[in-house]
Amino acid sequence: MFSEKIQKGLKKQLIRELESSQLYLSMASWSEYKGFEGICEFLYNHSNEERNHMLKLMRYINKRGGYAAIFPYENLHFYEKSYSYNSLKELFQKLFEHEIKISSEINILVELSLQEKDYFTYNFLQWYVEKQIEEENLSKSILSKIELIGDEKLGLYLFDRDLDKKF
Ligand code: FEO
């Protein structure tokens with residue numbers, strides 16, 4: 001039984017993954033603009049991964065007989081509403097906090113799937129649980145490195161050069 005409650009929860013998560021993709025994209029563009037070639041590649045790739053997380057949800061909802069409708073972005077042409085960053089540290093801090101938020105939303109969905117006795121969805125969500133363990137860990141480790149490097153130029157240069165190869 002694919003309940004309305006579950007569908008609503010999964011559709012909300014679909015939007016969150018789309019927002020994640022957009023957030024990573026904004027970070028990639030900012031890093032590219034600032035000349036961080038490795039960091040921007042890593043973030044562009046991750047933006048694509050987030051889009052894939054969204055697609056996986058879309059296909060699951062449709063396969064179960066729901067309809068994952070997509071709505072147009074309203075604010076894309078308002079430049080004053082764009083994301084902004086003052087430093088790499090701030091950027092990776094936001095990224096880490098974002099992943100923590102996504103993890104807690106996934107946990108709420110897992111809980112809901114158990115309450116609704118929807119074991120297909122429970123099973124489906126385990127992939128997201130695993131992903132969130134990886135992503136929290138990854139963003140935390142990047143943030144720690146950035147904090148360690150501080151403003152040291154050689155450290156930043158090496159970090160930027162190696163990031164896309166390491167992760
Ligand atoms: Fe799709 Fe970074 O969570």
# chains A, B, ... in the order shown; residues from 1 in each chain; ligands from 1
$ residues_near_ligand --ligand "ligand 1" --cutoff "6 Å" --atoms "only C-alpha atoms and all ligand atoms" --output "number ranges by chain"
A: 17, 50, 53, 99, 135
$ residues_around --residues "Lys165 in chain A" --least-positions-apart "3" --cutoff "10 Å" --atoms "only C-alpha atoms" --output "PyMOL selection string"
chain A and resi 38+41-42+160-162
$ closest_residue --among "A:Lys101, A:Phe159, A:Asp151, A:Phe120" --to "Lys63 in chain A" --atoms "only C-alpha atoms"
A:Phe120
$ closest_residue --among "A:Ser82, A:Ser47, A:Gln93, A:Ser103" --to "Ser139 in chain A" --atoms "only C-alpha atoms"
A:Gln93
$ residues_around --residues "Glu19 in chain A" --least-positions-apart "4" --cutoff "10 Å" --atoms "only C-alpha atoms" --output "ChimeraX atom specification"
/A:13-15,23-25,47,50-51,54
$ write_last_selection --atoms "C-alpha atoms" --output "PDB file, in the first residue's frame"
ATOM      1  CA  GLN A  13      12.436  14.668  -0.270  1.00  0.00           C
ATOM      2  CA  LEU A  14      12.529  14.841  -4.059  1.00  0.00           C
ATOM      3  CA  ILE A  15      12.362  18.660  -3.825  1.00  0.00           C
ATOM      4  CA  LEU A  23      23.039  24.435  -3.720  1.00  0.00           C
ATOM      5  CA  TYR A  24      26.062  22.420  -4.874  1.00  0.00           C
ATOM      6  CA  LEU A  25      25.796  24.072  -8.275  1.00  0.00           C
ATOM      7  CA  SER A  47      25.577  18.639  -8.028  1.00  0.00           C
ATOM      8  CA  GLU A  50      22.262  15.163  -6.085  1.00  0.00           C
ATOM      9  CA  ARG A  51      20.197  15.362  -9.256  1.00  0.00           C
ATOM     10  CA  MET A  54      16.247  13.267  -7.030  1.00  0.00           C
TER      11      MET A  54
END
$ closest_residue --among "A:Ile102, A:Ala69, A:Cys40, A:Leu57" --to "Arg16 in chain A" --atoms "only C-alpha atoms"
A:Ile102
$ residues_around --residues "Trp30 in chain A" --least-positions-apart "6" --cutoff "9 Å" --atoms "only C-alpha atoms" --output "mmCIF file with C-alpha atoms, in the first residue's frame"
data_model
loop_
_atom_site.group_PDB
_atom_site.id
_atom_site.type_symbol
_atom_site.label_atom_id
_atom_site.label_comp_id
_atom_site.auth_asym_id
_atom_site.auth_seq_id
_atom_site.Cartn_x
_atom_site.Cartn_y
_atom_site.Cartn_z
ATOM 1 C CA PHE A 36 39.534 26.929 -7.381
ATOM 2 C CA CYS A 40 34.695 23.429 -8.497
ATOM 3 C CA SER A 84 26.555 33.918 -1.752
ATOM 4 C CA TYR A 85 29.696 32.888 0.093
#
$ closest_residue --among "A:Asn62, A:Lys89, A:Ser31, A:Ile39" --to "Leu10 in chain A" --atoms "only C-alpha atoms"
A:Asn62
$ residues_around --residues "Ile106 in chain A" --least-positions-apart "2" --cutoff "8 Å" --atoms "only C-alpha atoms" --output "ChimeraX atom specification"
/A:13,102-104,108-110,125,128-129
$ write_last_selection --atoms "C-alpha atoms" --output "mmCIF file, in the first residue's frame"
data_model
loop_
_atom_site.group_PDB
_atom_site.id
_atom_site.type_symbol
_atom_site.label_atom_id
_atom_site.label_comp_id
_atom_site.auth_asym_id
_atom_site.auth_seq_id
_atom_site.Cartn_x
_atom_site.Cartn_y
_atom_site.Cartn_z
ATOM 1 C CA GLN A 13 12.436 14.668 -0.270
ATOM 2 C CA ILE A 102 19.117 16.079 4.853
ATOM 3 C CA SER A 103 20.081 13.160 7.112
ATOM 4 C CA SER A 104 17.495 14.138 9.687
ATOM 5 C CA ILE A 108 11.992 11.048 9.591
ATOM 6 C CA LEU A 109 10.991 9.345 6.329
ATOM 7 C CA VAL A 110 12.368 5.990 7.491
ATOM 8 C CA LEU A 125 15.245 4.364 1.781
ATOM 9 C CA TYR A 128 19.639 7.052 1.165
ATOM 10 C CA VAL A 129 20.616 6.153 4.722
#
$ residues_around --residues "Asp118 in chain A" --least-positions-apart "6" --cutoff "10 Å" --atoms "only C-alpha atoms" --output "list of chain:residue names"
A:Met1, A:Phe2, A:Ser3, A:Ile6, A:Val110, A:Leu112
$ select_by_dssp --residues "range 21-138 of chain A" --states "helix (DSSP H, G or I)" --output "PyMOL selection string"
chain A and resi 21-33+37-63+79-81+88-115+119-138
$ closest_residue --among "A:Asn45, A:Ser21, A:Leu148, A:Asn52" --to "Leu163 in chain A" --atoms "only C-alpha atoms"
A:Asn45
$ atom_distance --atom1 "CA of Leu91 in chain A" --atom2 "CA of Met27 in chain A"
7.0 Å
$ closest_residue --among "A:Asn48, A:Lys8, A:Leu158, A:Tyr33" --to "Ser20 in chain A" --atoms "only C-alpha atoms"
A:Asn48
